[in-house]
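Colleague: Got upload37.txt for you, compact mmCIF, C-alpha atoms:
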```txt
# COMPACT_ATOMS: atom_id res chain seq x y z
CA MET A 277 77.31 77.25 55.14
CA THR A 278 76.31 79.86 52.55
CA ASP A 279 78.32 82.03 50.17
CA THR A 280 77.77 84.96 52.53
CA GLN A 281 79.14 83.05 55.51
CA TYR A 282 82.25 81.92 53.68
CA MET A 283 82.83 85.46 52.44
CA SER A 284 82.54 86.69 56.03
CA MET A 285 85.41 84.35 56.88
CA ALA A 286 87.43 85.83 54.01
CA VAL A 287 86.74 89.37 55.25
CA GLU A 288 88.05 88.52 58.72
CA LEU A 289 91.18 87.01 57.16
CA ALA A 290 91.72 90.13 55.05
CA LYS A 291 91.70 92.34 58.16
CA LYS A 292 94.85 90.59 59.40
CA GLY A 293 96.80 92.43 56.71
CA CYS A 294 95.72 95.82 58.06
CA GLY A 295 98.64 98.24 58.22
CA TRP A 296 101.11 95.85 56.60
CA VAL A 297 100.01 95.72 52.97
CA ASN A 298 99.81 99.44 52.06
CA PRO A 299 99.65 100.60 49.30
CA ASN A 300 98.22 97.23 48.26
CA PRO A 301 94.67 96.20 49.24
CA MET A 302 93.68 93.97 52.13
CA VAL A 303 92.45 90.66 50.69
CA GLY A 304 91.31 87.38 52.21
CA ALA A 305 90.56 84.04 50.52
CA VAL A 306 88.84 80.83 51.59
CA ILE A 307 88.77 77.60 49.54
CA VAL A 308 85.82 75.23 50.04
CA LYS A 309 85.34 71.73 48.65
CA ASP A 310 82.46 69.38 49.36
CA GLY A 311 81.19 71.72 52.09
CA ARG A 312 84.51 71.81 53.91
CA VAL A 313 87.16 74.54 54.16
CA ILE A 314 90.37 73.07 52.77
CA GLY A 315 92.50 76.21 52.50
CA GLN A 316 92.61 79.85 53.56
CA GLY A 317 94.98 82.76 53.40
CA TYR A 318 95.34 86.52 53.20
CA HIS A 319 97.69 89.14 51.79
CA GLU A 320 100.14 89.43 54.68
CA ARG A 321 102.74 92.01 53.64
CA TYR A 322 103.36 94.41 50.78
CA GLY A 323 105.35 92.52 48.14
CA ALA A 324 104.46 89.10 49.56
CA LEU A 325 102.14 86.50 48.05
CA HIS A 326 98.53 87.49 47.46
CA ALA A 327 95.64 85.96 49.37
CA GLU A 328 94.69 83.47 46.63
CA ARG A 329 98.19 82.02 46.39
CA ASN A 330 98.50 81.79 50.18
CA ALA A 331 95.15 80.02 50.37
CA LEU A 332 96.16 77.55 47.65
CA ALA A 333 99.49 76.89 49.38
CA SER A 334 97.64 76.03 52.59
CA CYS A 335 95.29 73.48 51.01
CA GLU A 336 95.15 70.19 52.89
CA SER A 337 93.79 68.38 49.83
CA SER A 338 93.53 69.00 46.08
CA PRO A 339 91.57 72.18 45.25
CA ALA A 340 90.43 70.73 41.91
CA GLY A 341 86.69 71.26 41.60
CA ALA A 342 86.58 73.57 44.65
CA THR A 343 85.17 77.07 45.16
CA ILE A 344 87.38 79.99 46.21
CA TYR A 345 85.88 82.96 48.06
CA VAL A 346 88.00 86.08 47.67
CA THR A 347 87.20 89.58 48.92
CA LEU A 348 88.68 91.33 45.85
CA GLU A 349 88.74 90.43 42.16
CA PRO A 350 91.85 88.29 41.45
CA CYS A 351 94.67 90.19 39.74
CA CYS A 352 95.57 89.30 36.15
CA HIS A 353 98.82 91.24 35.69
CA TYR A 354 102.44 90.83 36.74
CA GLY A 355 103.46 93.03 39.65
CA LYS A 356 105.61 91.97 42.58
CA THR A 357 103.93 88.55 42.22
CA PRO A 358 102.50 86.63 39.21
CA PRO A 359 98.79 86.91 38.32
CA CYS A 360 96.41 85.21 40.73
CA THR A 361 94.14 84.28 37.81
CA ASP A 362 96.94 81.99 36.57
CA ALA A 363 97.17 80.28 39.96
CA ILE A 364 93.39 79.74 40.06
CA LEU A 365 93.30 78.29 36.55
CA GLU A 366 96.23 75.97 37.25
CA SER A 367 94.64 74.74 40.50
CA GLY A 368 91.52 73.27 38.88
CA ILE A 369 89.17 75.46 40.93
CA ARG A 370 85.76 75.51 39.21
CA ARG A 371 84.03 78.45 40.91
CA VAL A 372 85.21 81.88 42.09
CA VAL A 373 83.09 84.04 44.42
CA ILE A 374 84.16 87.70 44.62
CA GLY A 375 83.26 90.50 47.02
CA SER A 376 84.60 93.64 45.29
CA ARG A 377 85.68 94.48 41.76
CA ASP A 378 89.24 95.80 41.65
CA PRO A 379 89.25 99.42 40.35
CA ASN A 380 92.90 99.13 39.33
CA PRO A 381 92.88 99.81 35.55
CA GLN A 382 95.21 96.83 35.12
CA VAL A 383 92.50 94.56 36.56
CA SER A 384 89.01 96.17 36.71
CA GLY A 385 86.88 93.38 35.30
CA LYS A 386 89.69 91.79 33.31
CA GLY A 387 90.33 89.16 35.99
CA VAL A 388 86.68 88.12 35.91
CA LYS A 389 86.67 88.08 32.10
CA ILE A 390 89.74 85.82 31.96
CA LEU A 391 88.26 83.36 34.44
CA ARG A 392 84.92 83.17 32.66
CA SER A 393 86.60 82.77 29.27
CA ARG A 394 88.27 79.63 30.64
CA GLY A 395 85.01 78.11 31.86
CA ILE A 396 85.23 79.17 35.52
CA GLU A 397 81.90 80.07 37.14
CA VAL A 398 82.19 83.54 38.71
CA THR A 399 79.76 85.01 41.25
CA GLU A 400 80.22 88.68 42.12
CA ASN A 401 79.20 91.23 44.78
CA ILE A 402 78.86 88.86 47.73
CA LYS A 403 79.04 91.07 50.87
CA LYS A 404 80.15 93.87 48.54
CA ASP A 405 79.70 96.70 51.05
CA GLU A 406 81.88 94.98 53.66
CA CYS A 407 84.52 94.08 51.09
CA ASP A 408 84.53 97.63 49.69
CA ALA A 409 84.91 99.06 53.21
CA LEU A 410 88.11 97.06 53.70
CA ASN A 411 89.86 99.04 50.99
CA ARG A 412 88.57 102.62 50.93
CA SER A 413 92.17 103.86 50.98
CA PHE A 414 93.30 101.55 48.19
CA PHE A 415 90.32 102.35 45.95
CA HIS A 416 90.89 106.10 46.30
CA TYR A 417 94.65 105.83 45.84
CA ILE A 418 94.55 103.56 42.79
CA GLN A 419 91.95 105.76 41.07
CA ASN A 420 93.40 109.18 41.95
CA GLY A 421 97.10 108.67 42.63
CA THR A 422 96.80 110.60 45.91
CA PRO A 423 96.31 109.46 49.51
CA TYR A 424 92.95 108.90 51.14
CA VAL A 425 92.82 111.53 53.92
CA VAL A 426 91.00 111.00 57.22
CA MET A 427 90.57 114.12 59.36
CA LYS A 428 90.46 112.99 62.97
CA TYR A 429 89.84 114.99 66.12
CA ALA A 430 88.54 114.53 69.66
CA MET A 431 86.15 117.07 71.10
CA THR A 432 83.73 117.64 73.94
CA LEU A 433 79.98 117.84 73.45
CA ASP A 434 80.27 121.62 73.15
CA GLY A 435 82.76 121.25 70.29
CA LYS A 436 86.03 122.04 72.10
CA ILE A 437 89.35 120.29 71.53
CA ALA A 438 91.21 121.89 74.47
CA THR A 439 90.68 124.07 77.51
CA ARG A 440 91.23 127.84 77.48
CA THR A 441 94.82 127.16 78.62
CA GLY A 442 95.41 124.76 75.70
CA LYS A 443 95.32 121.52 77.71
CA SER A 444 93.79 118.54 75.90
CA ARG A 445 94.93 115.43 77.82
CA TRP A 446 92.66 113.73 77.92
CA ILE A 447 89.45 114.72 76.14
CA THR A 448 88.42 111.10 75.53
CA GLY A 449 88.77 107.87 77.48
CA GLU A 450 91.02 104.84 77.07
CA ALA A 451 88.83 102.96 74.57
CA ALA A 452 88.78 105.90 72.17
CA ARG A 453 92.52 106.47 72.51
CA ARG A 454 93.12 102.78 71.81
CA ARG A 455 91.12 103.09 68.59
CA VAL A 456 93.31 106.03 67.54
CA GLN A 457 96.41 103.86 67.96
CA GLU A 458 94.81 101.19 65.76
CA ASP A 459 94.29 103.82 63.06
CA ARG A 460 97.89 104.99 63.35
CA HIS A 461 98.78 101.40 62.53
CA ARG A 462 96.19 101.23 59.71
CA TYR A 463 97.08 104.38 57.76
CA ALA A 464 100.40 104.89 55.99
CA ALA A 465 101.06 108.39 57.34
CA ILE A 466 100.01 110.84 60.03
CA MET A 467 100.06 114.59 59.44
CA VAL A 468 100.11 117.63 61.72
CA GLY A 469 100.91 121.31 61.37
CA ILE A 470 103.82 123.22 62.86
CA GLY A 471 101.46 124.73 65.47
CA THR A 472 100.82 121.27 66.93
CA VAL A 473 104.55 120.52 67.01
CA LEU A 474 105.38 123.77 68.82
CA ALA A 475 102.51 123.46 71.30
CA ASP A 476 102.58 119.74 72.13
CA ASP A 477 105.93 118.29 70.94
CA PRO A 478 104.11 115.07 69.90
CA LEU A 479 105.80 111.77 69.07
CA LEU A 480 103.00 110.50 66.77
CA THR A 481 104.09 106.86 66.86
CA CYS A 482 101.81 103.84 67.09
CA ARG A 483 101.65 102.64 70.68
CA MET A 484 99.67 99.51 69.82
CA GLU A 485 101.43 96.25 70.64
CA ASN A 486 103.14 94.93 67.48
CA GLY A 487 101.93 98.01 65.63
CA ARG A 488 103.55 99.76 62.69
CA ASN A 489 104.64 103.38 62.94
CA PRO A 490 103.18 105.67 60.27
CA LEU A 491 105.30 108.14 58.33
CA ARG A 492 105.07 111.38 60.35
CA ILE A 493 104.46 114.48 58.22
CA VAL A 494 104.74 118.07 59.44
CA CYS A 495 103.36 120.95 57.37
CA ASP A 496 106.07 123.48 58.22
CA THR A 497 106.06 126.27 55.65
CA ARG A 498 108.88 128.31 57.27
CA LEU A 499 110.82 125.31 58.66
CA ARG A 500 110.34 126.19 62.31
CA THR A 501 110.36 122.65 63.72
CA PRO A 502 112.84 122.68 66.65
CA LEU A 503 115.81 120.39 66.20
CA HIS A 504 115.15 119.09 69.71
CA ALA A 505 111.53 118.17 68.85
CA ARG A 506 110.75 114.52 69.42
CA LEU A 507 109.71 114.13 65.77
CA VAL A 508 113.27 115.09 64.81
CA THR A 509 115.25 113.25 67.50
CA SER A 510 113.35 110.00 66.79
CA ALA A 511 113.54 110.26 62.98
CA ALA A 512 116.00 107.38 62.76
CA VAL A 513 113.43 105.09 64.41
CA ALA A 514 110.18 106.37 62.87
CA GLY A 515 110.19 108.26 59.57
CA THR A 516 109.65 112.04 59.61
CA LEU A 517 108.88 114.17 56.54
CA LEU A 518 108.94 117.96 56.79
CA ALA A 519 106.90 119.66 54.08
CA THR A 520 108.28 123.16 53.66
CA ALA A 521 108.59 126.08 51.26
CA VAL A 522 112.13 126.88 52.45
CA THR A 523 114.64 126.25 49.65
CA ASP A 524 117.84 127.11 51.59
CA ARG A 525 119.86 123.88 51.68
CA GLU A 526 121.88 125.05 54.68
CA LYS A 527 118.65 125.21 56.68
CA HIS A 528 117.81 121.72 55.48
CA ARG A 529 121.14 120.23 56.50
CA PRO A 530 120.64 119.71 60.29
CA TYR A 531 117.25 118.04 59.68
CA LEU A 532 118.71 115.74 57.05
CA GLU A 533 121.59 114.86 59.37
CA ALA A 534 119.05 113.96 62.05
CA GLY A 535 117.42 111.49 59.63
CA CYS A 536 114.43 113.56 58.50
CA ASN A 537 113.25 113.77 54.91
CA LEU A 538 112.19 117.07 53.37
CA ALA A 539 109.74 117.92 50.61
CA VAL A 540 110.15 121.42 49.22
CA LEU A 541 106.78 122.59 47.92
CA PRO A 542 105.17 125.74 46.57
CA GLU A 543 103.02 127.98 48.75
CA LYS A 544 99.35 128.73 48.39
CA ASP A 545 97.89 131.62 50.40
CA GLY A 546 101.02 131.73 52.55
CA ARG A 547 100.95 128.02 53.46
CA ILE A 548 102.13 124.77 51.93
CA ASP A 549 100.08 123.83 48.87
CA LEU A 550 98.31 120.78 50.26
CA ASN A 551 97.16 119.53 46.87
CA CYS A 552 100.77 119.53 45.70
CA LEU A 553 101.79 117.71 48.89
CA MET A 554 99.17 115.00 48.23
CA ARG A 555 100.55 114.45 44.73
CA VAL A 556 104.08 114.13 46.12
CA LEU A 557 102.91 111.64 48.75
CA GLY A 558 101.09 109.61 46.11
CA GLU A 559 104.28 109.42 44.06
CA ARG A 560 106.00 108.08 47.19
CA LYS A 561 103.33 105.33 47.48
CA ILE A 562 101.69 106.83 50.55
CA ASP A 563 98.10 105.65 50.07
CA SER A 564 96.51 107.11 53.20
CA VAL A 565 96.96 109.93 55.71
CA LEU A 566 95.52 110.35 59.20
CA LEU A 567 95.23 114.10 59.72
CA GLU A 568 95.70 114.91 63.42
CA GLY A 569 96.27 118.63 63.06
CA GLY A 570 94.71 121.56 64.87
CA GLY A 571 91.90 123.80 63.73
CA ILE A 572 93.97 125.85 61.26
CA LEU A 573 95.36 122.84 59.37
CA ASN A 574 91.94 121.17 59.40
CA TRP A 575 90.38 124.24 57.79
CA SER A 576 93.15 124.41 55.17
CA ALA A 577 92.72 120.73 54.39
CA LEU A 578 88.97 121.06 53.95
CA GLN A 579 89.35 124.20 51.85
CA SER A 580 91.90 122.43 49.64
CA GLY A 581 89.47 119.58 49.04
CA ILE A 582 91.86 116.85 50.21
CA VAL A 583 89.75 115.46 53.08
CA ASN A 584 87.85 112.26 52.25
CA ARG A 585 86.56 111.19 55.65
CA VAL A 586 85.95 112.80 59.04
CA GLN A 587 86.37 111.00 62.35
CA ALA A 588 85.01 112.93 65.33
CA TYR A 589 85.51 111.41 68.79
CA ILE A 590 82.89 113.01 71.05
CA ALA A 591 83.29 112.99 74.83
CA PRO A 592 80.42 113.64 77.27
CA LYS A 593 82.10 116.75 78.67
CA LEU A 594 81.68 120.53 78.44
CA LEU A 595 84.70 122.87 78.47
CA GLY A 596 83.63 126.25 77.14
CA GLY A 597 86.43 128.39 75.69
CA ALA A 598 87.36 128.87 72.05
CA LYS A 599 89.43 125.91 70.82
CA THR A 600 87.44 124.24 68.04
CA PRO A 601 88.36 121.37 65.69
CA VAL A 602 87.97 123.46 62.52
CA ALA A 603 89.13 127.08 62.74
CA GLY A 604 89.98 129.50 59.93
CA PRO A 605 87.59 132.17 58.65
CA GLY A 606 84.78 129.67 58.06
CA VAL A 607 82.10 129.80 55.38
CA ASP A 608 79.72 132.72 54.88
CA SER A 609 76.45 130.78 54.94
CA PRO A 610 75.13 127.29 55.78
CA GLN A 611 74.68 126.65 52.06
CA GLU A 612 78.47 126.74 51.66
CA ALA A 613 79.06 124.11 54.35
CA PHE A 614 81.28 121.10 53.72
CA ARG A 615 78.72 118.32 53.36
CA LEU A 616 79.11 114.93 55.03
CA GLY A 617 77.48 111.61 54.16
CA GLN A 618 75.45 109.20 56.25
CA PRO A 619 77.39 108.73 59.50
CA THR A 620 78.30 105.60 61.35
CA LEU A 621 78.33 105.79 65.14
CA THR A 622 80.49 103.58 67.36
CA ARG A 623 80.33 103.50 71.15
CA LEU A 624 83.81 103.48 72.72
CA GLY A 625 83.45 103.38 76.48
CA GLU A 626 81.67 106.60 77.45
CA ASP A 627 82.64 108.28 74.16
CA LEU A 628 81.15 108.21 70.66
CA LEU A 629 83.00 107.97 67.35
CA TRP A 630 81.17 109.71 64.49
CA GLU A 631 82.50 108.85 61.01
CA SER A 632 81.32 110.29 57.69
CA GLU A 633 82.58 110.59 54.14
CA VAL A 634 83.01 114.12 52.80
CA LEU A 635 80.47 114.48 49.99
CA THR A 636 80.80 117.85 48.36
CA CYS A 637 82.89 120.91 48.92
CA SER A 638 82.09 124.24 47.27
CA GLN A 639 85.56 125.47 48.24
CA GLU A 640 87.37 122.60 46.50
CA SER A 641 90.13 123.64 44.13
```
Would you write out, as structure tokens, the structure that this file holds?
Modeller:
Amino acid sequence: MTDTQYMSMAVELAKKGCGWVNPNPMVGAVIVKDGRVIGQGYHERYGALHAERNALASCESSPAGATIYVTLEPCCHYGKTPPCTDAILESGIRRVVIGSRDPNPQVSGKGVKILRSRGIEVTENIKKDECDALNRSFFHYIQNGTPYVVMKYAMTLDGKIATRTGKSRWITGEAARRRVQEDRHRYAAIMVGIGTVLADDPLLTCRMENGRNPLRIVCDTRLRTPLHARLVTSAAVAGTLLATAVTDREKHRPYLEAGCNLAVLPEKDGRIDLNCLMRVLGERKIDSVLLEGGGILNWSALQSGIVNRVQAYIAPKLLGGAKTPVAGPGVDSPQEAFRLGQPTLTRLGEDLLWESEVLTCSQES
């Protein structure tokens, strides 16, 4: 087998940590000696052993003289676990093959430098694009201190997210809805606006088997979330954070008693300052947010410059009417549009998933 093939194995191992390692990266490692895999592992949970140490612990024979394939540059600093560079050096491994460089300032090339200074052969950038794609959220979070935000919506081919009466169940089919549940497991938090709460009374939990519930965030400037809303009554089971501008502690009290958390934030143009909210979430180690709001919140998020990626589920249906995924006043001319990068298209049953990175935003603050 080739370096690329072994790295593909490491990538698949890394994916097993999806949803459980945030705000740490997903990492997989494979140890090969004399053309045979003798150990493998991945980062399983936040705070648990890293992929390299798990792979070394699983070795069925001595790793001395072996090659380790790891999707991300080995760490060289003390965090919740000791440096992985130390474990590699102590093991007698002679070659390290890396997919991505770690952008964490505490690592960022230092791990590679340490290994090479001790005579270890290091090969970099094997399946780099795939390894980078594993950790878009981590890379953004570690470099900016704010969550990676994915704006997700489902619409018909004529760009509608609901009928004229407001009904939206279901725009897309089962395969697309299953993918949404996987992303609720993947991302650390899910965010909606008060309009969605009042109209739909959503639960916003992950309904994937053995899935992890995201932190549920409501942008509720005037604190209008009903106390009987499912997001409130289930707060003891799945975390709920209400982002509000209301400072009255008496109004906070019933939500706190129900198990909700509150973040009191400044306003911007009559709504919660979303940039401030992102900074608060980053401080709370929320590395990623799935934005499932309506058109108004989507517009505000784009205008604030917090959206990093767009996911548009497109169903082969036509509804007419006026409910669109991005509302607000809109831009004045096509030249002011929010620009998106090269898309990827995924077929999900009869539906399509269009995904693009947000490139530039003339409205960004």
Colleague: Let me make sure I understand: among A:Val383, A:Ala512, A:Leu550, A:Ala340, which one has the smallest atom-to-atom distance to A:Val494 if we use only C-alpha atoms?
Modeller: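 So, comparing all the options, the nearest one is A:Leu550.
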Colleague: So how many Å separate atom CA of A:Ser334 and atom CA of A:Lys309, to one decimal?
Modeller: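 Calculated distance between atom CA of A:Ser334 and atom CA of A:Lys309 is 13.6 Å.
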Colleague: Around (80.9, 81.4, 39.6) in the file's frame, which residues reach within 12 Å when counting all atoms listed in the file? Return as a ChimeraX atom specification?
Modeller: /A:279,341-346,369-375,388-389,391-402
Colleague: Pick from A:Asp563, A:Glu626, A:Glu526, A:Asp608: nearest to A:Pro423, with only C-alpha atoms counted?
Modeller: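 Using only C-alpha atoms, the shortest distance to A:Pro423 belongs to A:Asp563.
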Colleague: Which of these, A:Pro592, A:Gly570, A:Pro605, A:Gly449, has the shortest distance to A:Tyr429 once you count all atoms listed in the file?
Modeller: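 That would be A:Gly570, the residue with the smallest distance to A:Tyr429.
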Colleague: Distance atom CA of A:Pro358-atom CA of A:Arg560, one decimal place?
Modeller: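 Between atom CA of A:Pro358 and atom CA of A:Arg560 the gap works out to 23.2 Å.
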Colleague: Find the residue from A:Arg492, A:Lys356, A:Arg377, A:His504 that sits nearest to A:Gly569; use all atoms listed in the file when measuring.
Modeller: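 Selected residue with least distance to A:Gly569: A:Arg492.
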Colleague: Which of these residues is nearest to A:Val426, using only C-alpha atoms: A:Gln611, A:Thr501, A:Thr509, A:Gln587?
Modeller: A:Gln587
Colleague: Return the single residue from A:Cys351, A:Asp627, A:Asn584, A:Thr278 that is closest to A:Arg455, with distances computed using all atoms listed in the file.
Modeller: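 Once distances to A:Arg455 are computed over all atoms listed in the file, the minimum belongs to A:Asp627.
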Colleague: If we count all atoms listed in the file and set the cut-off at 10 Å, which residues sit around A:Tyr463, ignoring sequence neighbours fewer than 5 positions away in its own chain? Please answer as a list in words.
Modeller: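 My list of contacting residues is Cys294, Gly295, Trp296, Asn298, Pro299, Ser413, Pro423, Tyr424, Val425, Val426, Glu458, Arg488, Asn489, Pro490, Leu491, Ile562, Asp563, Ser564, Val565 and Leu566 of chain A.
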Colleague: One decimal, in Å: what's the spacing between atom CA of A:Thr600 and atom CA of A:Cys552?
Modeller: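 Separation between atom CA of A:Thr600 and atom CA of A:Cys552: 26.4 Å.
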Colleague: What's the 12 Å shell around A:Asp524, counting all atoms listed in the file, without same-chain residues fewer than 5 positions away, as a list in words?
Modeller: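 Skipping anything fewer than 5 positions along the chain leaves Arg498, Leu499, Arg529, Pro530, Leu538 and Val540 of chain A.
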Colleague: Report the closest atom pair, with its distance in Å rounded to one decimal, for each residue of stretch 382-483 of chain A that has an atom no farther than 8 Å from stretch 285-293 of chain A; count all atoms listed in the file, sort by chain and then rising residue number, and write it as a tab-separated table.
Modeller:
```
residue	atom	partner	partner_atom	distance
A:Glu406	CA	A:Val287	CA	7.6
A:Cys407	CA	A:Val287	CA	6.7
A:Leu410	CA	A:Lys291	CA	7.4
```
Colleague: Within 10 Å of A:Leu480, counting all atoms listed in the file, which residues qualify if same-chain residues fewer than 3 places away don't, as a ChimeraX atom specification?
Modeller: /A:457,460,465-468,477,483,489-493,506-507,514,516,568
Colleague: Fewer than 4 positions away in the same chain doesn't count, so skip those; otherwise give me all residues within 12 Å of stretch 441-448 of chain A, counting all atoms listed in the file, as a ChimeraX atom specification.
Modeller: /A:429-437,452-456,471-472,475-476,570,588-601,623-629
